[in-house]
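K.L.:
This is the content of my_file-v4.cif (mmCIF, C-alpha atoms and all ligand atoms):
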```cif
data_input
loop_
_atom_site.label_atom_id
_atom_site.label_comp_id
_atom_site.auth_asym_id
_atom_site.auth_seq_id
_atom_site.Cartn_x
_atom_site.Cartn_y
_atom_site.Cartn_z
CA MET A 291 -1.73 -53.74 -15.01
CA LYS A 292 -1.19 -53.32 -11.28
CA PRO A 293 -0.13 -49.85 -10.11
CA ALA A 294 2.83 -49.51 -7.76
CA GLN A 295 2.35 -50.11 -4.03
CA ARG A 296 2.77 -46.45 -3.11
CA VAL A 297 -0.50 -45.65 -4.86
CA SER A 298 -2.47 -47.85 -2.49
CA GLN A 299 -1.23 -45.75 0.43
CA ILE A 300 -2.92 -42.58 -0.78
CA GLN A 301 -6.46 -41.34 -1.43
CA PRO A 302 -7.79 -39.26 -4.31
CA SER A 303 -8.16 -35.60 -3.24
CA ALA A 304 -11.56 -35.35 -1.49
CA THR A 305 -12.10 -31.79 -2.66
CA PHE A 306 -11.65 -32.77 -6.29
CA ALA A 307 -13.93 -35.80 -5.72
CA ILE A 308 -16.80 -33.64 -4.46
CA SER A 309 -16.36 -31.24 -7.38
CA ALA A 310 -16.62 -34.20 -9.78
CA LYS A 311 -19.89 -35.38 -8.17
CA ALA A 312 -21.28 -31.84 -8.35
CA LYS A 313 -20.27 -31.62 -12.01
CA ALA A 314 -22.05 -34.88 -12.81
CA LEU A 315 -25.27 -33.53 -11.27
CA ARG A 316 -24.91 -30.28 -13.20
CA GLN A 317 -24.58 -32.27 -16.40
CA GLN A 318 -27.97 -33.79 -15.55
CA GLY A 319 -29.36 -30.23 -15.52
CA LYS A 320 -29.48 -29.80 -11.71
CA HIS A 321 -28.72 -26.40 -10.20
CA VAL A 322 -25.93 -27.32 -7.81
CA ILE A 323 -24.56 -24.77 -5.35
CA SER A 324 -21.00 -25.64 -4.41
CA PHE A 325 -19.57 -24.78 -1.02
CA GLY A 326 -16.77 -27.14 -1.99
CA VAL A 327 -14.56 -24.81 -4.01
CA GLY A 328 -11.05 -24.07 -2.79
CA GLU A 329 -10.37 -21.09 -5.00
CA PRO A 330 -11.34 -17.42 -5.04
CA ASP A 331 -14.34 -16.65 -7.26
CA PHE A 332 -12.63 -13.46 -8.48
CA ARG A 333 -11.05 -13.00 -11.90
CA THR A 334 -7.28 -12.85 -12.23
CA PRO A 335 -6.46 -9.08 -12.29
CA HIS A 336 -6.30 -7.52 -15.74
CA HIS A 337 -2.70 -6.30 -15.42
CA VAL A 338 -1.61 -9.84 -14.56
CA ASN A 339 -3.34 -11.28 -17.63
CA GLN A 340 -1.78 -8.54 -19.75
CA MET A 341 1.70 -9.44 -18.57
CA ALA A 342 1.20 -13.04 -19.70
CA VAL A 343 -0.05 -11.86 -23.11
CA GLN A 344 3.02 -9.65 -23.46
CA ALA A 345 5.27 -12.56 -22.50
CA ILE A 346 3.75 -14.61 -25.31
CA ARG A 347 4.16 -11.71 -27.75
CA ARG A 348 7.78 -11.28 -26.67
CA GLY A 349 8.37 -14.97 -27.34
CA GLN A 350 8.98 -15.84 -23.69
CA THR A 351 7.52 -19.24 -24.37
CA ARG A 352 10.55 -21.48 -24.05
CA TYR A 353 12.11 -23.40 -21.18
CA THR A 354 13.33 -21.17 -18.41
CA VAL A 355 15.86 -22.11 -15.77
CA VAL A 356 14.42 -24.93 -13.65
CA GLY A 357 13.87 -23.00 -10.41
CA GLY A 358 12.26 -19.89 -11.88
CA ILE A 359 13.37 -16.73 -13.69
CA ASP A 360 15.44 -14.20 -11.74
CA GLU A 361 12.75 -11.55 -12.15
CA LEU A 362 10.26 -13.77 -10.30
CA LYS A 363 12.76 -14.82 -7.66
CA ASP A 364 13.45 -11.14 -7.00
CA ALA A 365 9.71 -10.41 -6.78
CA VAL A 366 9.40 -13.26 -4.26
CA LEU A 367 12.33 -11.90 -2.25
CA LEU A 368 10.68 -8.47 -2.17
CA GLU A 369 7.39 -10.03 -1.08
CA ILE A 370 9.13 -11.85 1.78
CA GLU A 371 10.97 -8.69 2.75
CA THR A 372 7.86 -6.50 2.83
CA GLY A 373 5.37 -9.09 4.05
CA TYR A 374 7.57 -10.90 6.59
CA GLY A 375 10.41 -8.48 7.26
CA LEU A 376 12.90 -11.21 6.29
CA GLU A 377 15.82 -11.04 3.89
CA PHE A 378 16.87 -13.98 1.76
CA SER A 379 18.73 -14.30 -1.53
CA ARG A 380 17.97 -15.99 -4.83
CA GLU A 381 19.66 -19.22 -3.77
CA ASN A 382 16.99 -19.55 -1.06
CA VAL A 383 14.10 -19.49 -3.55
CA LEU A 384 12.59 -22.22 -5.72
CA VAL A 385 9.60 -21.44 -7.94
CA SER A 386 7.39 -24.46 -8.60
CA CYS A 387 4.10 -25.38 -10.31
CA GLY A 388 1.94 -24.18 -7.40
CA GLY A 389 2.40 -24.25 -3.66
CA LYS A 390 1.40 -27.91 -3.77
CA HIS A 391 4.32 -28.74 -6.00
CA ALA A 392 6.67 -26.67 -3.81
CA LEU A 393 5.55 -28.75 -0.80
CA PHE A 394 5.94 -32.00 -2.70
CA ASN A 395 9.48 -31.12 -3.83
CA LEU A 396 10.35 -30.08 -0.29
CA PHE A 397 9.06 -33.32 1.24
CA LEU A 398 10.98 -35.41 -1.30
CA ALA A 399 14.08 -33.34 -0.62
CA LEU A 400 13.92 -33.64 3.16
CA LEU A 401 12.17 -36.84 4.19
CA ASP A 402 13.52 -40.37 4.37
CA PRO A 403 11.60 -43.59 5.00
CA GLY A 404 11.05 -43.96 8.74
CA ASP A 405 10.91 -40.20 9.38
CA GLU A 406 7.88 -38.83 11.17
CA VAL A 407 6.07 -35.64 10.28
CA ILE A 408 3.85 -33.90 12.83
CA ILE A 409 0.61 -32.60 11.34
CA PRO A 410 -1.92 -30.76 13.53
CA SER A 411 -5.40 -32.07 12.76
CA PRO A 412 -7.69 -30.90 11.12
CA TYR A 413 -5.21 -30.58 8.26
CA TRP A 414 -5.18 -29.77 4.58
CA VAL A 415 -6.08 -32.98 2.72
CA SER A 416 -2.84 -33.33 0.78
CA TYR A 417 -0.26 -33.25 3.60
CA PRO A 418 -0.58 -36.84 4.84
CA ASP A 419 -0.55 -38.36 1.38
CA MET A 420 2.40 -36.25 0.21
CA VAL A 421 4.29 -37.32 3.33
CA ARG A 422 3.45 -40.98 2.61
CA LEU A 423 4.58 -40.63 -1.01
CA ALA A 424 7.92 -39.43 0.33
CA GLY A 425 8.08 -42.66 2.36
CA ALA A 426 7.63 -40.95 5.74
CA THR A 427 4.88 -41.32 8.34
CA PRO A 428 2.35 -38.64 9.32
CA VAL A 429 1.78 -38.21 13.07
CA PHE A 430 -1.42 -36.34 13.82
CA VAL A 431 -2.03 -34.04 16.75
CA PRO A 432 -5.80 -33.68 17.27
CA CYS A 433 -6.76 -30.05 17.91
CA SER A 434 -10.19 -29.34 19.29
CA GLU A 435 -12.85 -26.80 18.49
CA SER A 436 -12.39 -25.37 22.00
CA THR A 437 -8.83 -24.21 21.12
CA GLY A 438 -10.03 -22.83 17.78
CA PHE A 439 -8.49 -25.97 16.17
CA LYS A 440 -4.99 -24.84 17.08
CA MET A 441 -2.25 -27.10 18.41
CA GLU A 442 -1.10 -26.45 21.96
CA PRO A 443 2.43 -27.02 23.31
CA ALA A 444 1.45 -30.14 25.31
CA GLY A 445 0.05 -31.83 22.19
CA LEU A 446 3.19 -30.98 20.22
CA GLN A 447 5.43 -32.25 23.01
CA ARG A 448 3.57 -35.58 23.15
CA ALA A 449 3.89 -36.09 19.38
CA ILE A 450 7.66 -35.57 19.23
CA SER A 451 9.76 -38.73 19.02
CA PRO A 452 13.40 -39.41 18.07
CA LYS A 453 12.08 -39.99 14.53
CA THR A 454 10.43 -36.57 14.17
CA ARG A 455 11.88 -34.78 11.17
CA MET A 456 9.29 -32.14 10.35
CA LEU A 457 6.32 -30.12 11.63
CA ILE A 458 3.79 -28.60 9.24
CA ILE A 459 1.88 -25.47 10.24
CA ASN A 460 -0.73 -23.99 7.93
CA SER A 461 -1.92 -20.62 9.15
CA PRO A 462 -4.47 -19.30 8.25
CA SER A 463 -5.69 -22.83 7.85
CA ASN A 464 -7.53 -24.80 5.26
CA PRO A 465 -10.06 -26.12 6.44
CA THR A 466 -10.62 -24.17 9.68
CA GLY A 467 -9.42 -20.63 8.94
CA ALA A 468 -7.52 -20.75 12.25
CA HIS A 469 -4.52 -18.43 12.53
CA TYR A 470 -1.76 -18.83 15.11
CA ARG A 471 -1.08 -15.59 16.97
CA ARG A 472 2.42 -14.57 18.01
CA HIS A 473 2.11 -15.77 21.62
CA GLU A 474 0.70 -19.12 20.45
CA LEU A 475 3.63 -19.64 18.07
CA GLU A 476 6.07 -18.53 20.80
CA ALA A 477 4.66 -21.20 23.11
CA LEU A 478 5.14 -23.87 20.43
CA ALA A 479 8.61 -22.48 19.67
CA GLU A 480 9.62 -23.04 23.28
CA VAL A 481 9.00 -26.77 22.80
CA LEU A 482 10.72 -26.78 19.41
CA ARG A 483 13.86 -25.05 20.68
CA ALA A 484 14.67 -28.23 22.58
CA HIS A 485 14.54 -30.19 19.31
CA ASP A 486 16.64 -28.40 16.73
CA GLY A 487 16.58 -31.29 14.24
CA ILE A 488 12.93 -30.68 13.40
CA ALA A 489 12.36 -28.78 10.15
CA LEU A 490 9.44 -26.35 10.28
CA VAL A 491 7.21 -26.06 7.25
CA SER A 492 5.10 -22.92 7.18
CA ASP A 493 2.40 -23.20 4.55
CA ASP A 494 1.46 -19.54 4.20
CA ILE A 495 -0.67 -19.82 1.08
CA TYR A 496 -3.54 -17.84 2.76
CA TYR A 497 -1.30 -15.35 4.54
CA ARG A 498 -2.77 -12.23 2.92
CA ILE A 499 -6.35 -13.35 3.62
CA LEU A 500 -6.53 -12.35 7.29
CA PHE A 501 -9.40 -10.49 8.95
CA ASP A 502 -10.00 -8.10 11.86
CA GLY A 503 -6.53 -6.56 11.46
CA GLU A 504 -4.85 -9.79 12.70
CA GLU A 505 -1.07 -9.58 12.71
CA TRP A 506 0.70 -11.79 10.18
CA VAL A 507 3.37 -13.90 11.87
CA ASN A 508 5.04 -17.27 11.29
CA PHE A 509 7.86 -19.30 12.86
CA ALA A 510 10.56 -17.76 10.67
CA MET A 511 9.69 -14.33 12.07
CA LEU A 512 10.28 -15.33 15.71
CA GLY A 513 14.06 -15.37 15.63
CA GLU A 514 17.13 -16.37 13.64
CA ASP A 515 17.30 -19.83 15.25
CA LEU A 516 13.82 -20.69 13.95
CA ARG A 517 14.22 -18.92 10.64
CA GLU A 518 17.19 -21.14 9.82
CA ARG A 519 15.02 -24.24 9.90
CA THR A 520 11.74 -22.82 8.60
CA PHE A 521 10.65 -23.50 5.04
CA ILE A 522 8.16 -20.95 3.78
CA VAL A 523 5.71 -22.20 1.16
CA ASN A 524 3.56 -19.63 -0.55
CA GLY A 525 2.24 -18.74 -3.99
CA VAL A 526 -0.02 -16.56 -6.07
CA SER A 527 -3.00 -18.94 -6.38
CA LYS A 528 -5.18 -17.68 -3.56
CA THR A 529 -3.96 -14.09 -3.11
CA TYR A 530 -4.36 -13.09 -6.75
CA ALA A 531 -7.08 -15.51 -7.89
CA MET A 532 -4.51 -17.36 -10.01
CA THR A 533 -5.23 -21.00 -9.15
CA GLY A 534 -5.00 -22.13 -12.77
CA TRP A 535 -1.63 -20.51 -13.47
CA ARG A 536 0.23 -22.89 -11.15
CA ILE A 537 2.88 -20.73 -9.57
CA GLY A 538 4.03 -21.31 -6.01
CA TYR A 539 7.35 -21.03 -4.23
CA LEU A 540 9.57 -22.35 -1.50
CA VAL A 541 11.91 -20.15 0.51
CA GLY A 542 14.42 -21.54 3.00
CA ASP A 543 17.80 -23.13 3.60
CA ALA A 544 19.89 -22.93 0.41
CA GLU A 545 21.11 -26.52 0.52
CA VAL A 546 17.61 -27.98 0.83
CA VAL A 547 16.29 -25.56 -1.82
CA LYS A 548 19.07 -26.79 -4.13
CA ALA A 549 18.04 -30.40 -3.45
CA ALA A 550 14.38 -29.58 -4.17
CA ASN A 551 15.49 -27.81 -7.36
CA LYS A 552 17.32 -30.98 -8.40
CA ILE A 553 14.12 -33.01 -7.95
CA GLN A 554 12.14 -30.45 -9.94
CA GLY A 555 14.80 -30.58 -12.66
CA GLN A 556 14.22 -34.31 -13.09
CA SER A 557 10.43 -34.13 -12.97
CA THR A 558 8.57 -31.05 -14.21
CA SER A 559 11.46 -28.70 -15.08
CA ASN A 560 10.47 -25.03 -14.95
CA PRO A 561 6.96 -23.84 -14.17
CA CYS A 562 5.08 -22.41 -17.19
CA SER A 563 7.13 -19.49 -18.56
CA MET A 564 4.31 -16.98 -19.15
CA ALA A 565 2.71 -17.86 -15.83
CA GLN A 566 5.99 -16.90 -14.19
CA TRP A 567 5.82 -13.49 -15.87
CA ALA A 568 2.20 -13.11 -14.79
CA ALA A 569 3.28 -13.87 -11.22
CA VAL A 570 5.91 -11.11 -11.43
CA ALA A 571 3.12 -8.67 -12.34
CA ALA A 572 0.95 -9.97 -9.50
CA LEU A 573 3.65 -9.60 -6.85
CA ARG A 574 5.05 -6.31 -8.11
CA GLY A 575 1.85 -4.64 -9.29
CA ASP A 576 -0.94 -2.71 -7.60
CA GLN A 577 -2.15 -4.61 -4.52
CA GLY A 578 -5.60 -2.97 -4.55
CA CYS A 579 -7.09 -6.20 -5.95
CA VAL A 580 -5.95 -8.09 -2.83
CA THR A 581 -7.34 -5.48 -0.42
CA HIS A 582 -10.65 -5.59 -2.25
CA MET A 583 -10.88 -9.38 -2.28
CA VAL A 584 -10.04 -9.65 1.42
CA SER A 585 -12.68 -7.09 2.38
CA VAL A 586 -15.29 -8.99 0.35
CA PHE A 587 -14.31 -12.27 2.04
CA GLU A 588 -14.53 -10.58 5.43
CA GLU A 589 -18.08 -9.41 4.73
CA ARG A 590 -19.06 -12.88 3.55
CA ARG A 591 -17.54 -14.50 6.62
CA HIS A 592 -19.78 -12.30 8.77
CA TYR A 593 -22.85 -13.41 6.83
CA VAL A 594 -21.87 -17.09 6.84
CA LEU A 595 -21.30 -17.16 10.61
CA GLN A 596 -24.66 -15.49 11.17
CA ARG A 597 -26.45 -18.08 9.02
CA LEU A 598 -24.67 -20.95 10.77
CA ASN A 599 -25.53 -19.54 14.21
CA ASP A 600 -29.18 -19.50 13.18
CA ILE A 601 -29.23 -23.26 12.58
CA PRO A 602 -30.02 -25.14 15.80
CA GLY A 603 -27.49 -27.91 16.49
CA VAL A 604 -24.61 -26.32 14.53
CA THR A 605 -21.57 -24.77 16.23
CA CYS A 606 -18.69 -23.05 14.46
CA ALA A 607 -15.31 -21.62 15.50
CA VAL A 608 -14.75 -18.10 14.11
CA PRO A 609 -12.12 -18.27 11.35
CA ALA A 610 -9.43 -15.57 11.41
CA GLY A 611 -8.56 -15.95 7.74
CA ALA A 612 -8.75 -17.89 4.46
CA PHE A 613 -12.25 -18.39 2.99
CA TYR A 614 -13.57 -21.47 4.77
CA VAL A 615 -15.70 -22.27 7.80
CA PHE A 616 -15.60 -25.65 9.48
CA PRO A 617 -18.85 -26.08 11.41
CA ASN A 618 -19.48 -28.97 13.77
CA VAL A 619 -22.57 -30.80 12.49
CA SER A 620 -22.21 -33.95 14.56
CA ALA A 621 -25.51 -33.25 16.36
CA PHE A 622 -27.20 -34.55 13.20
CA TYR A 623 -25.31 -37.85 13.07
CA GLY A 624 -27.50 -40.87 13.73
CA SER A 625 -30.51 -39.07 12.19
CA ARG A 626 -32.72 -41.08 9.91
CA VAL A 627 -34.24 -39.57 6.80
CA GLY A 628 -35.87 -41.17 3.74
CA GLY A 629 -34.69 -44.65 4.74
CA ARG A 630 -31.06 -43.62 5.31
CA THR A 631 -29.07 -42.97 8.45
CA ILE A 632 -26.61 -40.11 8.48
CA ASP A 633 -23.55 -41.87 9.82
CA GLY A 634 -20.89 -39.14 9.65
CA SER A 635 -19.56 -36.25 7.58
CA ALA A 636 -19.41 -38.25 4.33
CA GLY A 637 -23.00 -39.41 4.76
CA LEU A 638 -24.14 -35.88 5.51
CA ALA A 639 -22.28 -34.51 2.45
CA ASP A 640 -23.95 -37.15 0.24
CA TYR A 641 -27.35 -36.34 1.73
CA LEU A 642 -26.90 -32.59 1.09
CA LEU A 643 -25.73 -33.13 -2.47
CA GLU A 644 -28.45 -35.62 -3.39
CA THR A 645 -31.41 -33.94 -1.69
CA VAL A 646 -30.79 -30.18 -1.97
CA HIS A 647 -27.94 -30.19 -4.52
CA LEU A 648 -25.53 -28.52 -2.15
CA ALA A 649 -21.87 -29.57 -2.35
CA VAL A 650 -19.80 -29.48 0.85
CA VAL A 651 -16.56 -31.29 1.70
CA PRO A 652 -16.84 -33.92 4.47
CA GLY A 653 -14.64 -33.19 7.48
CA ASN A 654 -13.25 -36.73 7.54
CA ALA A 655 -11.07 -35.77 4.57
CA PHE A 656 -9.38 -33.25 6.88
CA GLY A 657 -9.17 -35.63 9.85
CA GLU A 658 -12.27 -34.36 11.73
CA ASP A 659 -15.44 -36.30 11.08
CA ARG A 660 -17.63 -34.08 13.29
CA CYS A 661 -17.35 -31.19 10.84
CA ILE A 662 -17.93 -30.26 7.23
CA ARG A 663 -15.98 -27.65 5.28
CA LEU A 664 -17.85 -24.84 3.59
CA SER A 665 -16.04 -22.46 1.28
CA TYR A 666 -17.51 -18.98 0.93
CA ALA A 667 -15.64 -18.20 -2.26
CA LEU A 668 -18.94 -17.71 -4.09
CA SER A 669 -21.34 -14.86 -4.77
CA MET A 670 -23.64 -13.51 -2.05
CA GLN A 671 -26.60 -14.67 -4.11
CA ASP A 672 -25.29 -18.25 -4.17
CA LEU A 673 -24.34 -18.05 -0.50
CA GLU A 674 -27.89 -17.00 0.42
CA GLU A 675 -29.42 -19.76 -1.67
CA GLY A 676 -26.89 -22.31 -0.36
CA PHE A 677 -27.62 -21.47 3.27
CA ASP A 678 -31.37 -21.64 2.67
CA ARG A 679 -30.82 -25.15 1.31
CA LEU A 680 -28.51 -26.15 4.17
CA ALA A 681 -30.93 -24.89 6.82
CA SER A 682 -33.92 -26.67 5.29
CA ALA A 683 -32.00 -29.94 4.74
CA LEU A 684 -30.73 -30.00 8.32
CA LYS A 685 -34.19 -29.14 9.65
CA ALA A 686 -35.57 -32.20 7.89
CA LEU A 687 -33.21 -34.51 9.76
CA GLN A 688 -34.83 -36.45 12.55
CA PRO A 689 -32.75 -37.59 15.53
CA ALA A 690 -32.30 -41.40 15.60
C1 LIG A 701 -3.35 -25.24 2.66
C2 LIG A 701 -3.00 -25.24 1.23
N1 LIG A 701 -1.71 -25.31 0.88
C3 LIG A 701 -1.34 -25.32 -0.40
C4 LIG A 701 -2.28 -25.25 -1.41
C5 LIG A 701 -1.77 -25.32 -2.82
O1 LIG A 701 -2.13 -24.27 -3.62
P1 LIG A 701 -1.51 -24.12 -5.08
O2 LIG A 701 -0.86 -25.39 -5.45
O3 LIG A 701 -2.66 -23.78 -5.96
O4 LIG A 701 -0.52 -23.00 -4.98
C6 LIG A 701 -3.64 -25.20 -1.10
C7 LIG A 701 -4.66 -25.21 -2.15
O5 LIG A 701 -5.80 -25.53 -1.97
C8 LIG A 701 -4.01 -25.16 0.26
O6 LIG A 701 -5.29 -25.08 0.63
#
```
Can you dump the structure from the file as structure tokens?
Ligand SMILES: Cc1ncc(COP(=O)(O)O)c(C=O)c1O
P.N.:
Amino acid sequence: MKPAQRVSQIQPSATFAISAKAKALRQQGKHVISFGVGEPDFRTPHHVNQMAVQAIRRGQTRYTVVGGIDELKDAVLLEIETGYGLEFSRENVLVSCGGKHALFNLFLALLDPGDEVIIPSPYWVSYPDMVRLAGATPVFVPCSESTGFKMEPAGLQRAISPKTRMLIINSPSNPTGAHYRRHELEALAEVLRAHDGIALVSDDIYYRILFDGEEWVNFAMLGEDLRERTFIVNGVSKTYAMTGWRIGYLVGDAEVVKAANKIQGQSTSNPCSMAQWAAVAALRGDQGCVTHMVSVFEERRHYVLQRLNDIPGVTCAVPAGAFYVFPNVSAFYGSRVGGRTIDGSAGLADYLLETVHLAVVPGNAFGEDRCIRLSYALSMQDLEEGFDRLASALKALQPA
């Protein structure tokens, strides 16, 4: 049977595709090191797990209200108050099955066919396809390595048209780790203030994973006029190593949140009840686990950048947050090895997986074919081994 047309407009998630290839090799007994993972390698904190167990014991295993239990909404409100210095109320919060689901609900709630959505590129793989599924059109603003992969006001200005309905900013970014500083956001805000019909989506899923004492700031924090049209998307997946629990949230304009809630009510209903209770424990509990994880990521980032700098032909912008690096490996394109020509990031990723059993995500999935994405959410031992493999595989490449 033929699937609906909308399916032909989207691609399978590249990160999941690379994980599947790595898994197939592992099943053949190969020792694959994966730099492809998009989730912390830490365990969910004990007190969070315990809360879920208690919820089951208490019988909190039934439907909850669609948009999340009040206890979790209040924990989210407290998080936004302490982390962002912003006050909202329950009607501004929707809890969904992960940040991804919160974004999807938001796009369906806000976008109409013909609308344009500005997406700085490189971008997280799912934005363009989610926008397309909502019937709207992604408009990409290429951001170069020389600006740390951050969009500048001139690029934003050029992308705006009468059809622009939304801008998505993801800071710190997946895949680059780039974080917009206050003055950079202010400069973009100056352009946006002349276009008050543009909704601002701030995907803050990595907001606690910031290094070097960088200040956390987003559009909503720059003034009431911007806060009114900013939609904050966040969740517990990355901050608390809870990717499997599927809890994320949307905070913003009450009317749009209500519309997104309506969509959720006719699709998934509430997110998993005990996962909601676990998220309450994560947000309200001891934050030592987050501090620890961030300091470990910071140490690893230092190591990873050193190893990349030691490979001739590779350049890499220094990420300010998240747990990815996005090195430029285009110097190796056109190389011939073992009868094949490396023709771009996908070819290089295949070569690395097949020859040294190292999984990386090709940059073309994020809109930048010159780069590959490496996650450092893995043990130091695996990182060392992985970089030995990367260095030797790249050394073997002969220029065309
Ligand atoms: C930029 C970005 N936004 C949102 C998400 C969604 O995370 P989740 O649905 O697990 O909350 C991810 C996950 O990889 C991400 O990288």
K.L.:
Taking into account all atoms listed in the file, which residue in the set A:Lys311, A:Arg679, A:Arg347, A:Arg663 is nearest to ligand LIG 701 (chain A)?
P.N.:
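Among A:Lys311, A:Arg679, A:Arg347, A:Arg663, it is A:Arg663 that comes nearest to ligand LIG 701 (chain A).
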K.L.:
To one decimal place, how far is CA of Ile662 in chain A from CA of Glu504 in chain A in Å?
P.N.:
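These two atoms are separated by 24.9 Å.
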K.L.:
Please, what distance in Å, to one decimal, runs between CA of Gly637 in chain A and CA of Asn460 in chain A?
P.N.:
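Separating CA of Gly637 in chain A from CA of Asn460 in chain A is a distance of 27.3 Å.
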K.L.:
What is the distance between CA of Met456 in chain A and CA of Ile488 in chain A, in Å to one decimal?
P.N.:
5.0 Å
K.L.:
In terms of the shortest atom-to-atom distance over all atoms listed in the file, which of A:Val608, A:Val491, A:Val650, A:Val366 is closest to Gly326 in chain A?
P.N.:
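For Gly326 in chain A, the nearest of the candidates is A:Val650.
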K.L.:
Taking all atoms listed in the file into account, which of A:Ile553, A:Ala365, A:Leu401, A:Ala683 comes nearest Asp640 in chain A?
P.N.:
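Among the listed residues, the smallest separation from Asp640 in chain A belongs to A:Ala683.
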K.L.:
For chain A against ligand LIG 701 (chain A), with a cut-off of 8 Å and counting all atoms listed in the file, what is the closest atom pair and its distance in Å to one decimal for every residue that makes the cut, ordered by chain and number, as a tab-separated table?
P.N.:
```
residue	atom	partner	partner_atom	distance
A:Gly328	CA	A:LIG701	O5	5.5
A:Glu329	CA	A:LIG701	O5	7.1
A:Cys387	CA	A:LIG701	O2	6.9
A:Gly388	CA	A:LIG701	O2	3.6
A:Gly389	CA	A:LIG701	O4	3.4
A:Lys390	CA	A:LIG701	O2	3.8
A:His391	CA	A:LIG701	O2	6.2
A:Ala392	CA	A:LIG701	O2	7.8
A:Leu393	CA	A:LIG701	C3	7.7
A:Tyr413	CA	A:LIG701	C1	8.0
A:Trp414	CA	A:LIG701	C1	5.2
A:Asn460	CA	A:LIG701	C1	6.0
A:Ser463	CA	A:LIG701	C1	6.2
A:Asn464	CA	A:LIG701	C1	4.9
A:Pro465	CA	A:LIG701	O6	7.6
A:Asp493	CA	A:LIG701	N1	5.9
A:Asp494	CA	A:LIG701	N1	7.4
A:Ile495	CA	A:LIG701	N1	5.6
A:Tyr496	CA	A:LIG701	C1	7.4
A:Val523	CA	A:LIG701	C3	7.9
A:Asn524	CA	A:LIG701	O4	6.9
A:Gly525	CA	A:LIG701	O4	5.2
A:Val526	CA	A:LIG701	O4	6.6
A:Ser527	CA	A:LIG701	O3	4.9
A:Lys528	CA	A:LIG701	O3	7.0
A:Met532	CA	A:LIG701	O3	7.8
A:Thr533	CA	A:LIG701	O3	5.0
A:Gly534	CA	A:LIG701	O3	7.4
A:Arg536	CA	A:LIG701	O3	6.0
A:Ile537	CA	A:LIG701	O4	6.1
A:Gly538	CA	A:LIG701	O4	5.0
```
K.L.:
Select, from A:Arg483, A:His647, A:Arg660, A:Arg517, the residue with the minimum atom-to-atom distance to Val322 in chain A, counting only C-alpha atoms.
P.N.:
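Closest candidate: A:His647.
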K.L.:
Quick one: of A:Phe378, A:Tyr614, A:Tyr353, A:Phe656, who's nearest to Cys562 in chain A, counting only C-alpha atoms?
P.N.:
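Checking each candidate against Cys562 in chain A, we get A:Tyr353 as the closest.
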K.L.:
Tell me, as a list in words, which residues lie within 9 Å of Pro443 in chain A, counting all atoms listed in the file; anything in the same chain fewer than 3 positions away does not count.
P.N.:
Leu446, Gln447, Arg448, Glu474, Ala477, Leu478, Ala479, Glu480 and Val481 of chain A
K.L.:
Nearest residue to Asn654 in chain A out of A:Ser411, A:Thr558, A:Gln577, A:Gln340, using only C-alpha atoms?
P.N.:
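Ranking A:Ser411, A:Thr558, A:Gln577, A:Gln340 by distance to Asn654 in chain A, first place goes to A:Ser411.
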K.L.:
Just the residues within 12 Å of Ile370 in chain A, please, counting only C-alpha atoms, with nothing from its chain fewer than 5 positions along; format it as a list in words.
P.N.:
Lys363, Asp364, Ala365, Gly375, Leu376, Glu377, Phe378, Ser379, Arg380, Asn382, Val383, Asp494, Tyr497, Arg498, Trp506, Val507, Asn508, Ala510, Met511, Ile522, Val523, Asn524, Gly525, Tyr539, Leu540, Val541, Gly542 and Leu573 of chain A
